[in-house]
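This is structure_9.cif. It holds mmCIF, C-alpha atoms.
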```cif
data_model
loop_
_atom_site.label_atom_id
_atom_site.label_comp_id
_atom_site.auth_asym_id
_atom_site.auth_seq_id
_atom_site.Cartn_x
_atom_site.Cartn_y
_atom_site.Cartn_z
CA MET A 15 -42.98 49.87 232.32
CA THR A 16 -40.15 51.75 230.58
CA CYS A 17 -37.07 53.16 232.33
CA GLU A 18 -38.37 56.71 231.76
CA GLU A 19 -41.76 55.94 233.29
CA THR A 20 -40.11 54.17 236.20
CA ARG A 21 -37.81 57.07 237.04
CA ARG A 22 -40.64 59.56 236.69
CA ASN A 23 -42.74 57.63 239.20
CA ILE A 24 -40.06 57.00 241.82
CA PRO A 25 -41.08 60.10 243.87
CA GLU A 26 -44.62 58.74 244.13
CA LEU A 27 -43.36 55.36 245.24
CA LEU A 28 -41.24 57.05 247.91
CA ALA A 29 -44.21 59.03 249.19
CA ALA A 30 -46.46 55.94 249.05
CA ASP A 31 -48.64 57.96 246.72
CA LEU A 32 -48.86 55.35 243.93
CA PRO A 33 -51.76 52.92 243.39
CA ALA A 34 -50.83 49.38 244.45
CA ALA A 35 -50.92 47.95 240.93
CA ASP A 36 -48.64 50.70 239.57
CA ALA A 37 -46.29 50.29 242.53
CA ALA A 38 -46.04 46.54 241.84
CA ARG A 39 -45.22 47.14 238.16
CA LEU A 40 -42.63 49.73 239.10
CA ARG A 41 -40.96 47.38 241.59
CA GLU A 42 -40.97 44.64 239.01
CA HIS A 43 -39.04 46.92 236.64
CA LEU A 44 -36.63 47.98 239.37
CA ASN A 45 -35.79 44.36 240.09
CA SER A 46 -34.90 43.74 236.49
CA CYS A 47 -33.06 46.99 235.57
CA THR A 48 -29.69 47.74 237.17
CA SER A 49 -29.50 51.42 236.23
CA CYS A 50 -33.04 52.17 237.45
CA TRP A 51 -32.31 50.21 240.63
CA GLN A 52 -29.22 52.35 241.19
CA GLU A 53 -31.29 55.52 240.72
CA TRP A 54 -33.97 54.20 243.08
CA GLN A 55 -31.39 53.30 245.75
CA GLU A 56 -29.87 56.79 245.71
CA LEU A 57 -33.18 58.60 245.89
CA GLN A 58 -34.57 56.27 248.53
CA GLU A 59 -31.48 56.68 250.68
CA THR A 60 -31.81 60.48 250.57
CA TRP A 61 -35.57 60.33 251.19
CA THR A 62 -35.07 58.04 254.18
CA ARG A 63 -32.21 60.15 255.53
CA LEU A 64 -34.54 63.17 255.61
CA GLY A 65 -36.42 61.26 258.30
CA ILE A 66 -33.62 61.84 260.80
CA LEU A 67 -34.46 65.53 261.06
CA ARG A 68 -36.51 65.84 264.21
CA ASP A 69 -39.17 68.47 264.71
CA GLU A 70 -38.16 71.36 266.94
CA GLN A 71 -40.61 72.89 269.42
CA PRO A 72 -41.28 76.59 268.87
CA GLY A 73 -40.82 79.04 271.74
CA PRO A 74 -43.64 79.44 274.29
CA GLU A 75 -44.33 82.98 273.06
CA LEU A 76 -45.85 81.56 269.87
CA ARG A 77 -48.64 79.83 271.78
CA ARG A 78 -49.06 82.82 274.10
CA ASN A 79 -49.33 85.28 271.21
CA PHE A 80 -51.77 83.04 269.38
CA TYR A 81 -54.11 82.72 272.35
CA GLN A 82 -53.95 86.47 272.96
CA ALA A 83 -54.92 87.10 269.34
CA LEU A 84 -57.70 84.54 269.57
CA GLU A 85 -59.04 86.10 272.74
CA ALA A 86 -59.03 89.54 271.10
CA ALA A 87 -60.88 88.12 268.10
CA GLN A 88 -63.48 86.54 270.38
CA LYS A 89 -63.97 89.83 272.18
CA ASP A 90 -64.34 91.71 268.88
CA LEU A 91 -66.85 89.18 267.72
CA ALA A 92 -68.80 89.32 270.97
CA ALA A 93 -68.81 93.12 270.82
CA GLY A 94 -70.06 93.01 267.22
CA ASN A 95 -72.79 90.51 268.10
CA GLY A 96 -73.72 92.55 271.13
CA TRP A 97 -74.17 95.62 268.98
CA ARG A 98 -76.30 93.71 266.50
CA GLN A 99 -78.47 92.39 269.32
CA LYS A 100 -78.81 95.85 270.83
CA LEU A 101 -79.77 97.25 267.44
CA SER A 102 -82.38 94.60 266.87
CA ARG A 103 -83.77 95.18 270.36
CA LEU A 104 -83.86 98.90 269.69
CA LEU A 105 -85.84 98.27 266.54
CA ALA A 106 -88.13 95.99 268.50
CA TRP A 107 -88.80 98.77 271.00
CA ARG A 108 -90.39 100.97 268.37
CA THR A 109 -93.78 100.00 269.69
CA ALA A 110 -94.75 99.64 273.31
CA ALA A 111 -96.64 96.46 272.46
CA GLN A 112 -93.42 94.84 271.21
CA PHE A 113 -91.47 96.03 274.21
CA LEU A 114 -94.00 94.70 276.65
CA ARG A 115 -94.59 91.32 275.06
CA PRO A 116 -94.19 88.57 277.66
CA ALA A 117 -91.66 86.58 275.63
CA ALA A 118 -88.69 88.43 277.06
CA PRO A 119 -89.46 89.37 280.65
CA ALA A 120 -85.84 89.30 281.81
CA LEU A 121 -84.64 91.47 278.97
CA ARG A 122 -87.49 93.85 279.73
CA LEU A 123 -86.46 93.99 283.35
CA ALA A 124 -82.82 94.39 282.38
CA ALA A 125 -83.74 97.29 280.10
CA ALA A 126 -85.86 98.81 282.82
CA SER A 127 -82.95 98.51 285.24
CA LEU A 128 -80.69 100.26 282.75
CA ILE A 129 -83.21 103.06 282.40
CA VAL A 130 -83.39 103.36 286.18
CA ALA A 131 -79.60 103.43 286.44
CA GLY A 132 -79.41 105.95 283.61
CA GLY A 133 -82.06 108.12 285.24
CA PHE A 134 -80.23 107.91 288.52
CA GLY A 135 -77.05 109.07 286.82
CA ILE A 136 -78.70 111.89 284.93
CA GLY A 137 -80.44 113.07 288.12
CA PHE A 138 -77.17 112.98 289.96
CA PHE A 139 -75.16 114.90 287.41
CA ALA A 140 -77.95 117.42 286.78
CA GLY A 141 -78.54 118.03 290.46
CA ALA A 142 -75.16 118.37 292.04
CA GLY A 143 -71.49 118.81 291.31
CA GLY A 144 -68.61 116.47 292.08
CA ASP A 145 -69.60 115.26 295.53
CA GLY A 146 -67.45 112.18 296.28
CA GLY A 147 -70.07 110.48 298.46
CA LYS A 148 -72.71 110.71 295.77
CA ILE A 149 -70.35 109.32 293.15
CA GLU A 150 -69.58 106.40 295.41
CA ARG A 151 -73.28 105.76 296.05
CA LEU A 152 -74.01 105.93 292.34
CA GLY A 153 -71.17 103.48 291.66
CA ARG A 154 -72.55 101.04 294.19
CA GLU A 155 -76.05 101.36 292.81
CA VAL A 156 -74.94 100.76 289.22
CA ASP A 157 -72.85 97.80 290.40
CA ARG A 158 -75.88 96.34 292.16
CA LEU A 159 -78.09 96.82 289.11
CA GLN A 160 -75.50 95.25 286.84
CA GLN A 161 -75.30 92.24 289.11
CA GLN A 162 -79.07 91.96 289.09
CA MET A 163 -79.14 92.15 285.31
CA SER A 164 -76.37 89.56 285.03
CA LEU A 165 -78.27 87.13 287.24
CA GLN A 166 -81.45 87.58 285.25
CA LEU A 167 -79.68 87.11 281.93
CA LEU A 168 -77.79 84.03 283.16
CA ASP A 169 -81.15 82.45 283.85
CA GLN A 170 -82.46 82.90 280.31
CA PRO A 171 -83.17 79.98 277.92
CA SER A 172 -81.37 81.77 275.06
CA ALA A 173 -77.61 81.14 274.92
CA SER A 174 -76.94 84.62 273.52
CA ALA A 175 -78.77 86.20 276.49
CA ARG A 176 -76.71 84.08 278.89
CA LEU A 177 -73.54 85.14 277.04
CA GLN A 178 -74.56 88.75 277.60
CA GLY A 179 -75.11 87.95 281.25
CA VAL A 180 -71.63 86.50 281.58
CA SER A 181 -70.10 89.39 279.70
CA LEU A 182 -71.90 91.92 281.90
CA THR A 183 -70.22 90.48 284.99
CA SER A 184 -66.90 91.90 283.77
CA ARG A 185 -68.22 95.37 284.71
CA VAL A 186 -69.09 94.31 288.23
CA GLN A 187 -66.63 95.61 290.82
CA ASP A 188 -67.71 93.74 293.90
CA PRO A 189 -69.71 90.61 293.03
CA ALA A 190 -72.19 89.25 295.56
CA PRO A 191 -71.77 85.57 296.54
CA SER A 192 -74.97 84.84 294.58
CA LEU A 193 -73.39 86.15 291.37
CA ILE A 194 -70.19 84.13 291.91
CA ALA A 195 -72.32 81.04 292.56
CA ALA A 196 -74.34 81.69 289.38
CA LEU A 197 -71.14 82.02 287.32
CA LEU A 198 -69.71 78.80 288.77
CA ASP A 199 -73.01 77.05 288.09
CA THR A 200 -72.88 78.34 284.49
CA LEU A 201 -69.34 77.01 284.15
CA ASP A 202 -70.39 73.56 285.34
CA ASN A 203 -73.83 73.17 283.86
CA ASP A 204 -74.52 75.50 280.96
CA PRO A 205 -75.38 73.44 277.85
CA SER A 206 -73.54 75.88 275.53
CA VAL A 207 -69.77 75.53 275.17
CA ASN A 208 -69.50 79.21 274.23
CA VAL A 209 -71.24 80.27 277.42
CA ARG A 210 -69.05 77.97 279.52
CA LEU A 211 -65.92 79.36 277.82
CA SER A 212 -67.06 82.90 278.58
CA ALA A 213 -67.66 81.89 282.18
CA VAL A 214 -64.02 80.76 282.43
CA ASP A 215 -62.90 84.20 281.24
CA ALA A 216 -65.31 85.99 283.56
CA LEU A 217 -64.18 83.97 286.59
CA TYR A 218 -60.58 84.98 285.92
CA LEU A 219 -61.57 88.50 287.01
CA PHE A 220 -62.83 87.14 290.33
CA SER A 221 -60.01 84.66 290.88
CA GLY A 222 -58.99 86.54 294.02
CA ARG A 223 -62.09 85.17 295.74
CA GLU A 224 -61.56 82.08 297.84
CA GLU A 225 -64.74 80.35 296.66
CA VAL A 226 -63.62 80.73 293.02
CA ARG A 227 -60.13 79.36 293.66
CA THR A 228 -61.63 76.37 295.45
CA ALA A 229 -64.30 75.66 292.85
CA LEU A 230 -62.17 75.91 289.68
CA PRO A 231 -60.05 72.74 290.15
CA ALA A 232 -63.20 70.79 291.08
CA SER A 233 -64.94 72.04 287.96
CA LEU A 234 -62.21 70.60 285.73
CA SER A 235 -63.36 67.04 286.37
CA ARG A 236 -66.92 67.98 285.44
CA GLN A 237 -66.03 69.44 282.05
CA THR A 238 -66.59 67.34 278.96
CA SER A 239 -65.69 69.82 276.21
CA PRO A 240 -61.96 69.83 275.34
CA LEU A 241 -62.17 73.56 274.64
CA VAL A 242 -63.46 74.32 278.11
CA GLN A 243 -60.95 71.89 279.61
CA ILE A 244 -58.09 73.71 277.83
CA ALA A 245 -59.40 77.14 278.86
CA LEU A 246 -59.78 76.00 282.45
CA ILE A 247 -56.30 74.44 282.53
CA ASP A 248 -54.86 77.72 281.23
CA LEU A 249 -56.71 79.66 283.90
CA LEU A 250 -55.56 77.35 286.71
CA VAL A 251 -51.97 77.53 285.47
CA SER A 252 -52.09 81.33 285.24
CA LEU A 253 -53.34 81.42 288.84
CA LYS A 254 -50.54 79.04 289.91
CA GLU A 255 -53.24 77.25 291.84
CA LYS A 256 -51.52 74.44 293.78
CA GLN A 257 -54.76 72.52 294.30
CA ALA A 258 -55.01 72.29 290.52
CA ALA A 259 -52.15 69.78 290.22
CA ALA A 260 -54.30 67.00 291.69
CA ALA A 261 -57.20 67.92 289.39
CA LEU A 262 -54.87 67.86 286.37
CA LYS A 263 -53.48 64.46 287.37
CA LYS A 264 -57.01 63.14 287.71
CA LEU A 265 -57.82 64.46 284.24
CA LEU A 266 -54.72 62.76 282.82
CA ALA A 267 -55.89 59.46 284.26
CA ASP A 268 -59.00 59.63 282.06
CA LYS A 269 -58.46 57.29 279.13
CA LYS A 270 -60.81 59.27 276.91
CA ILE A 271 -58.78 62.48 277.21
CA MET A 272 -58.09 64.24 273.89
CA PRO A 273 -54.41 64.53 272.89
CA GLU A 274 -54.54 68.34 272.83
CA VAL A 275 -55.97 68.41 276.36
CA GLU A 276 -53.47 65.84 277.57
CA GLN A 277 -50.58 67.89 276.21
CA ARG A 278 -51.91 71.06 277.87
CA ALA A 279 -52.50 69.28 281.17
CA ARG A 280 -48.99 67.83 281.23
CA SER A 281 -47.40 71.15 280.46
CA GLY A 282 -49.70 72.77 283.06
CA ILE A 283 -48.59 70.41 285.83
CA SER A 284 -44.95 71.18 285.14
CA LYS A 285 -45.67 74.91 285.46
CA ILE A 286 -47.67 74.61 288.68
CA ILE A 287 -45.43 72.22 290.59
CA MET B 4 -63.23 63.42 267.27
CA LEU B 5 -63.95 66.14 264.75
CA ASP B 6 -61.68 66.18 261.71
CA ASP B 7 -59.88 69.34 260.61
CA GLU B 8 -62.47 70.25 258.02
CA GLN B 9 -65.35 69.91 260.49
CA VAL B 10 -63.51 72.06 263.04
CA MET B 11 -62.70 74.68 260.41
CA SER B 12 -66.34 74.77 259.30
CA ARG B 13 -67.28 75.72 262.84
CA VAL B 14 -64.55 78.40 262.93
CA ARG B 15 -65.97 79.70 259.65
CA ASP B 16 -69.36 79.96 261.37
CA ASP B 17 -67.76 82.30 263.95
CA ARG B 18 -66.98 79.65 266.57
CA VAL B 19 -63.53 81.21 266.49
CA GLU B 20 -62.45 79.63 269.78
CA MET B 21 -62.29 76.29 267.95
CA LEU B 22 -59.29 77.54 266.00
CA ALA B 23 -57.35 76.57 269.14
CA ILE B 24 -57.86 72.91 268.19
CA LEU B 25 -56.38 73.44 264.72
CA PHE B 26 -53.53 75.49 266.17
CA GLU B 27 -52.65 72.70 268.61
CA ARG B 28 -52.83 70.10 265.87
CA HIS B 29 -50.75 71.92 263.25
CA HIS B 30 -48.54 74.66 264.64
CA VAL B 31 -45.47 72.53 265.39
CA ARG B 32 -45.42 70.95 261.96
CA LEU B 33 -46.05 74.30 260.27
CA TYR B 34 -43.29 75.88 262.35
CA ASN B 35 -40.84 73.18 261.26
CA PHE B 36 -41.88 73.63 257.63
CA PHE B 37 -40.99 77.32 257.84
CA LEU B 38 -37.87 76.60 259.88
CA ARG B 39 -36.50 74.23 257.25
CA LEU B 40 -37.51 76.67 254.54
CA THR B 41 -36.05 79.82 256.08
CA SER B 42 -33.45 78.57 258.62
CA ASP B 43 -34.69 81.35 260.89
CA ARG B 44 -36.44 80.47 264.17
CA GLN B 45 -37.89 83.91 264.93
CA LEU B 46 -39.14 84.39 261.38
CA SER B 47 -40.69 80.91 261.43
CA GLN B 48 -42.61 81.73 264.60
CA ASP B 49 -43.76 85.03 263.09
CA LEU B 50 -44.93 83.24 259.96
CA VAL B 51 -46.91 80.63 261.94
CA GLN B 52 -48.55 83.45 263.88
CA GLU B 53 -49.33 85.25 260.63
CA VAL B 54 -50.85 82.10 259.09
CA PHE B 55 -53.26 81.61 261.98
CA LEU B 56 -54.18 85.30 262.00
CA ARG B 57 -54.96 85.05 258.29
CA ILE B 58 -57.01 81.91 258.87
CA LEU B 59 -59.00 83.86 261.44
CA LYS B 60 -59.38 86.85 259.15
CA TYR B 61 -60.32 84.89 256.05
CA ARG B 62 -62.24 82.11 257.81
CA HIS B 63 -65.39 82.81 255.80
CA SER B 64 -63.55 81.95 252.58
CA PHE B 65 -62.92 78.34 253.68
CA ARG B 66 -65.22 76.27 251.48
CA GLY B 67 -64.33 72.81 252.67
CA GLU B 68 -63.69 71.64 249.11
CA SER B 69 -60.03 70.98 249.85
CA LYS B 70 -58.37 69.63 252.97
CA PHE B 71 -57.79 72.13 255.74
CA SER B 72 -54.05 71.41 255.69
CA THR B 73 -53.82 72.18 251.96
CA TRP B 74 -55.63 75.48 252.53
CA MET B 75 -53.39 76.25 255.50
CA TYR B 76 -50.21 75.63 253.48
CA GLN B 77 -51.59 77.82 250.70
CA ILE B 78 -51.95 80.62 253.24
CA GLY B 79 -48.49 79.77 254.58
CA ARG B 80 -46.90 80.03 251.13
CA ASN B 81 -48.58 83.40 250.57
CA ALA B 82 -47.39 84.68 253.95
CA HIS B 83 -43.83 83.58 253.11
CA ILE B 84 -43.98 85.16 249.65
CA ASP B 85 -45.25 88.43 251.18
CA HIS B 86 -42.34 88.33 253.60
CA LEU B 87 -39.83 87.80 250.77
CA ARG B 88 -41.40 90.63 248.78
CA SER B 89 -41.27 93.03 251.72
CA ARG B 90 -37.61 92.24 252.28
CA ARG B 91 -36.52 92.74 248.67
CA PRO B 92 -39.28 94.67 246.89
CA GLU B 93 -37.07 95.50 243.92
CA VAL B 94 -36.45 91.85 242.96
CA PRO B 95 -39.19 89.88 241.13
CA ILE B 96 -40.47 87.05 243.31
CA ASP B 97 -39.69 84.38 240.71
CA GLU B 98 -36.07 85.48 240.78
CA ILE B 99 -35.85 85.26 244.59
CA TRP B 100 -37.54 81.88 244.46
CA SER B 101 -34.98 80.44 242.03
CA GLN B 102 -31.86 81.97 243.55
CA GLU B 103 -29.31 79.88 245.35
CA PRO B 104 -29.76 80.54 249.04
CA SER B 105 -27.13 81.85 251.38
CA THR B 106 -25.19 79.08 253.04
CA GLN B 107 -25.51 80.61 256.50
CA PRO B 108 -26.09 77.52 258.62
CA LEU B 109 -28.92 77.31 261.14
CA PRO B 110 -27.28 77.15 264.56
CA SER B 111 -27.90 73.60 265.65
CA GLN B 112 -28.97 73.03 269.22
CA LYS B 113 -27.27 69.65 269.41
CA ALA B 114 -24.56 69.89 266.76
CA GLU B 115 -22.07 67.62 268.45
CA SER B 116 -24.51 64.75 268.93
CA GLU B 117 -26.38 65.09 265.70
CA GLN B 118 -23.73 65.56 263.08
CA GLU B 119 -25.67 63.77 260.40
CA ALA B 120 -28.79 65.85 261.00
CA ASP B 121 -26.63 68.95 261.00
CA LEU B 122 -25.08 68.02 257.64
CA LEU B 123 -28.49 67.28 256.21
CA SER B 124 -29.90 70.60 257.41
CA ARG B 125 -27.01 72.39 255.78
CA ALA B 126 -27.47 70.43 252.56
CA LEU B 127 -31.16 71.42 252.57
CA GLU B 128 -30.18 75.05 253.03
CA ARG B 129 -28.12 74.84 249.85
CA LEU B 130 -31.17 74.00 247.77
CA PRO B 131 -32.87 76.91 246.00
CA LEU B 132 -36.08 77.91 247.80
CA ARG B 133 -38.36 76.45 245.14
CA LYS B 134 -36.74 73.02 245.32
CA ARG B 135 -36.54 73.09 249.10
CA GLU B 136 -40.20 73.94 249.39
CA VAL B 137 -41.47 71.16 247.15
CA LEU B 138 -39.29 68.64 248.94
CA LEU B 139 -40.48 69.76 252.38
CA LEU B 140 -44.12 69.64 251.30
CA SER B 141 -43.80 66.11 249.95
CA ARG B 142 -41.57 64.68 252.67
CA TYR B 143 -42.87 66.18 255.90
CA GLN B 144 -46.31 67.64 255.47
CA ASP B 145 -48.41 64.57 254.60
CA LEU B 146 -49.69 66.14 251.41
CA LYS B 147 -50.51 64.09 248.30
CA TYR B 148 -48.81 65.08 245.04
CA GLN B 149 -52.21 66.11 243.71
CA GLU B 150 -52.58 68.50 246.67
CA ILE B 151 -49.04 69.86 246.24
CA ALA B 152 -49.77 70.41 242.54
CA GLY B 153 -52.86 72.42 243.56
CA LEU B 154 -50.78 74.44 246.03
CA LEU B 155 -48.00 75.20 243.57
CA LYS B 156 -50.46 75.67 240.70
CA CYS B 157 -48.72 73.17 238.44
CA SER B 158 -49.31 69.62 237.19
CA VAL B 159 -48.71 66.47 239.22
CA GLU B 160 -46.09 65.48 236.66
CA SER B 161 -44.25 68.73 237.31
CA VAL B 162 -44.30 68.08 241.08
CA LYS B 163 -42.84 64.61 240.54
CA VAL B 164 -40.06 66.00 238.34
CA GLN B 165 -39.27 68.72 240.92
CA VAL B 166 -39.15 66.25 243.80
CA HIS B 167 -36.90 63.95 241.77
CA ARG B 168 -34.48 66.77 240.90
CA SER B 169 -34.52 68.18 244.43
CA LEU B 170 -33.63 64.81 245.93
CA LYS B 171 -30.74 64.36 243.51
CA GLU B 172 -29.43 67.84 244.23
CA LEU B 173 -29.83 67.37 247.99
CA ARG B 174 -27.86 64.13 247.78
CA ARG B 175 -25.07 65.92 245.89
CA HIS B 176 -24.85 68.72 248.49
CA TYR B 177 -24.95 66.21 251.33
CA LEU B 178 -22.10 64.14 249.89
CA GLU B 179 -20.08 67.30 249.26
CA LEU B 180 -20.52 68.42 252.86
CA GLN B 181 -19.77 64.95 254.13
CA GLY B 182 -16.50 64.99 252.16
CA GLY B 183 -15.61 68.34 253.70
CA ILE B 184 -16.09 70.30 250.49
CA ARG B 185 -17.76 73.63 251.31
#
```
As structure tokens, the full file:
Amino acid sequence: MTCEETRRNIPELLAADLPAADAARLREHLNSCTSCWQEWQELQETWTRLGILRDEQPGPELRRNFYQALEAAQKDLAAGNGWRQKLSRLLAWRTAAQFLRPAAPALRLAAASLIVAGGFGIGFFAGAGGDGGKIERLGREVDRLQQQMSLQLLDQPSASARLQGVSLTSRVQDPAPSLIAALLDTLDNDPSVNVRLSAVDALYLFSGREEVRTALPASLSRQTSPLVQIALIDLLVSLKEKQAAAALKKLLADKKIMPEVEQRARSGISKII
Amino acid sequence: MLDDEQVMSRVRDDRVEMLAILFERHHVRLYNFFLRLTSDRQLSQDLVQEVFLRILKYRHSFRGESKFSTWMYQIGRNAHIDHLRSRRPEVPIDEIWSQEPSTQPLPSQKAESEQEADLLSRALERLPLRKREVLLLSRYQDLKYQEIAGLLKCSVESVKVQVHRSLKELRRHYLELQGGIR
């Protein structure tokens, strides 16, 4: 190997980006050439010195802003998918035979409920003016129907229907214990990660309920997906749920824990305690 | 465990929540790349945020032919170039890229206990952007020279020459600073 070749290849030797045979030939030349050795020493010293610069941690707002943006993107995507599904259903309703086919009984019932709720609303607004009692009754009725629809959708074999069911719960003002139980069951047992992630978001809205605050830390130990684990840790930390510290410690004791989850759990504990 | 490319393929297929995994794996290193390149903490955070937003926006264009990290740094370079252009629209980008940087030092958090690191950071800041970038990519980002050549759209030989020259120039600045010559 010539001096020129040697000097040209020093950067690759430094970065360990040279095939073994070429590296051996280069080292052989370095050992026999004083000027190339001098050049190598200087470059190696500088390259090694660069290793003393330690990585800094960015501010917490970077992570917060990222997760906010991600959440917004997920919502946009879900809204887009929802619209596509609605459109395809609308097209499917062009014939009564399609609408009434037995393959989608829950969706049929959900649609029927919507029609009932819509009819109720139209009747109300057509019949009378701004009577407060009627508005309240209508609100309660719509809430009840939405809960019913959510429960039916959460029970569907299709993951996208269950996602709709979870998403519908965000409109519910006063969830019945059965709906809370269904959401918690979805969080623990749904086979789809996406549905379980949506359940975490949905439960945030009902985190004022005692049964939710009690169930969330317990659910952490049942989760196997790192994504759901991270989402659940974030939720528990945002709720400053004291019971969560024990659940996080238990999670950290798991030897199979993913590094990203471990990092989030450690940082979560420090924020809760 | 899924590798970066497998995770990104799922993000591409609209499993956007999985971008969180790539963010957790890469954001600190990417932040430090920008920090050493720009010496500006707030700007570096903004650029990391911008990179991940662009990954989200252009997720369907990820083909999986190159490593995820190479694709991410390509997006990072573009975001940085767009920032430079917006700051000085009247100056051609090649000119900005070759100019000697300002010698405004990055305020060190532990200057008294890390004098050597402080000197080295300041020496890095004295390198023109182009040289600083190629050195950071080869030294800290775990990218092969072939991948850096793809990123910078030049030959591997050219990357090697640039790294060689950058190291020599960095050494000169470091020794100058060490001797008290500003």
How big is the axis-aligned box, and where does its centre sit, when it encloses all atoms of range 162-165 of chain A listed in the file and has 3 Å added on every side, reported in Å to one decimal as lines of an AutoDock Vina configuration file?
```
center_x = -77.8
center_y = 89.6
center_z = 287.1
size_x = 8.8
size_y = 11.0
size_z = 10.1
```
Residues of chain B that have any atom at most 7 Å from an atom of chain A: could you tabulate them with the shortest-distance atom pair and the distance in Å to one decimal, using only C-alpha atoms, ordered by chain and increasing number, as a tab-separated table?
```
residue	atom	partner	partner_atom	distance
B:Val19	CA	A:Gln88	CA	6.6
B:Glu20	CA	A:Leu84	CA	6.8
B:Glu27	CA	A:Glu274	CA	6.4
B:Val31	CA	A:Gln71	CA	6.3
B:Tyr34	CA	A:Pro72	CA	6.9
B:Asn35	CA	A:Asp69	CA	6.1
B:Gln48	CA	A:Leu76	CA	6.2
B:Gln52	CA	A:Phe80	CA	6.4
B:Ala120	CA	A:Leu67	CA	5.7
B:Lys147	CA	A:Asp31	CA	6.6
B:Lys163	CA	A:Pro25	CA	5.9
B:Val164	CA	A:Arg22	CA	6.7
B:Val166	CA	A:Pro25	CA	6.4
B:His167	CA	A:Pro25	CA	6.1
B:Leu170	CA	A:Leu57	CA	6.2
B:Lys171	CA	A:Leu57	CA	6.7
B:Arg174	CA	A:Thr60	CA	6.1
```
- Message: Once the PyMOL selection byres ((chain A and resi 34-46) around 8) has been evaluated on this model, what residues remain selected, and can you format them as number ranges by chain?
- Response: A: 15-17, 20, 23, 27, 32-33, 47-48, 50-51, 54
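Distances here use all atoms listed in the file; by that measure, the residue among A:Ala258, A:Leu201, A:Val186, A:Ala93 closest to Ser239 in chain A is A:Leu201.
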- Closest to Gln161 in chain A among A:Ala86, A:Val180, A:Ala232, A:Ile271, using only C-alpha atoms?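 Of all the options, A:Val180 lies closest to Gln161 in chain A.
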Could you tell me, as a JSON list (two decimals) with C-alpha atoms, keeping the file's coordinate frame, exactly which residues end up selected when the PyMOL selection byres ((chain A and resi 183) around 10) is applied to this structure?
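Final output, saved to part.json:
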```
[["chain", "number", "residue", "atom", "x", "y", "z"],
["A", 157, "ASP", "CA", -72.85, 97.80, 290.40],
["A", 160, "GLN", "CA", -75.50, 95.25, 286.84],
["A", 161, "GLN", "CA", -75.30, 92.24, 289.11],
["A", 162, "GLN", "CA", -79.07, 91.96, 289.09],
["A", 163, "MET", "CA", -79.14, 92.15, 285.31],
["A", 164, "SER", "CA", -76.37, 89.56, 285.03],
["A", 165, "LEU", "CA", -78.27, 87.13, 287.24],
["A", 178, "GLN", "CA", -74.56, 88.75, 277.60],
["A", 179, "GLY", "CA", -75.11, 87.95, 281.25],
["A", 180, "VAL", "CA", -71.63, 86.50, 281.58],
["A", 181, "SER", "CA", -70.10, 89.39, 279.70],
["A", 182, "LEU", "CA", -71.90, 91.92, 281.90],
["A", 184, "SER", "CA", -66.90, 91.90, 283.77],
["A", 185, "ARG", "CA", -68.22, 95.37, 284.71],
["A", 186, "VAL", "CA", -69.09, 94.31, 288.23],
["A", 187, "GLN", "CA", -66.63, 95.61, 290.82],
["A", 188, "ASP", "CA", -67.71, 93.74, 293.90],
["A", 189, "PRO", "CA", -69.71, 90.61, 293.03],
["A", 193, "LEU", "CA", -73.39, 86.15, 291.37],
["A", 194, "ILE", "CA", -70.19, 84.13, 291.91],
["A", 197, "LEU", "CA", -71.14, 82.02, 287.32],
["A", 213, "ALA", "CA", -67.66, 81.89, 282.18],
["A", 216, "ALA", "CA", -65.31, 85.99, 283.56],
["A", 217, "LEU", "CA", -64.18, 83.97, 286.59],
["A", 219, "LEU", "CA", -61.57, 88.50, 287.01],
["A", 220, "PHE", "CA", -62.83, 87.14, 290.33]]
```
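Every protein, DNA or RNA residue with an atom at most 10 Å from Val51 in chain B, where only C-alpha atoms count and chain neighbours fewer than 4 positions away do not, is listed here: Pro72, Leu76 and Phe80 of chain A; Phe26, His29, His30, Val31, Arg32, Leu33, Tyr34, Asn35, Phe36, Phe37, Leu46, Ser47, Phe55, Leu56, Arg57, Gly79, Ala82 and His83 of chain B.
Counting only C-alpha atoms, the residue from B:Asp17, B:Asp85, B:Glu172, B:Asp7 that sits nearest to Lys89 in chain A is B:Asp17.
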- Query: Between B:Ser169, B:Ser124, B:Gln144, B:Gln149, which has the minimum distance to Arg39 in chain B (counting only C-alpha atoms)?
  - Reply: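 Nearest candidate to Arg39 in chain B out of B:Ser169, B:Ser124, B:Gln144, B:Gln149: B:Ser124.
Here CA of Ser158 in chain B stands at a distance of 17.6 Å from CA of Leu139 in chain B.
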- Task: Calculate how many Å separate CA of Arg88 in chain B from CA of Asp145 in chain B, rounding to one decimal.
- Result: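 We find that CA of Arg88 in chain B and CA of Asp145 in chain B lie 27.6 Å from each other.
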- Task: One decimal, Å: what's the distance from CA of Glu155 in chain A over to CA of Asp215 in chain A, could you say?
- Result: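 Spanning CA of Glu155 in chain A to CA of Asp215 in chain A is a straight-line distance of 24.5 Å.
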- Task: Kindly provide, as number ranges by chain, the polymer residues lying within 12 Å of (-48.8, 75.4, 245.4), counting only C-alpha atoms and using the coordinates exactly as they appear in the file.
- Result: B: 73-81, 84, 133, 136-137, 140-141, 146-159, 161-162
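Proximity of A:Lys270, A:Arg154, A:Lys285, A:Arg223 to Thr238 in chain A, computed with all atoms listed in the file, is greatest for A:Lys270.
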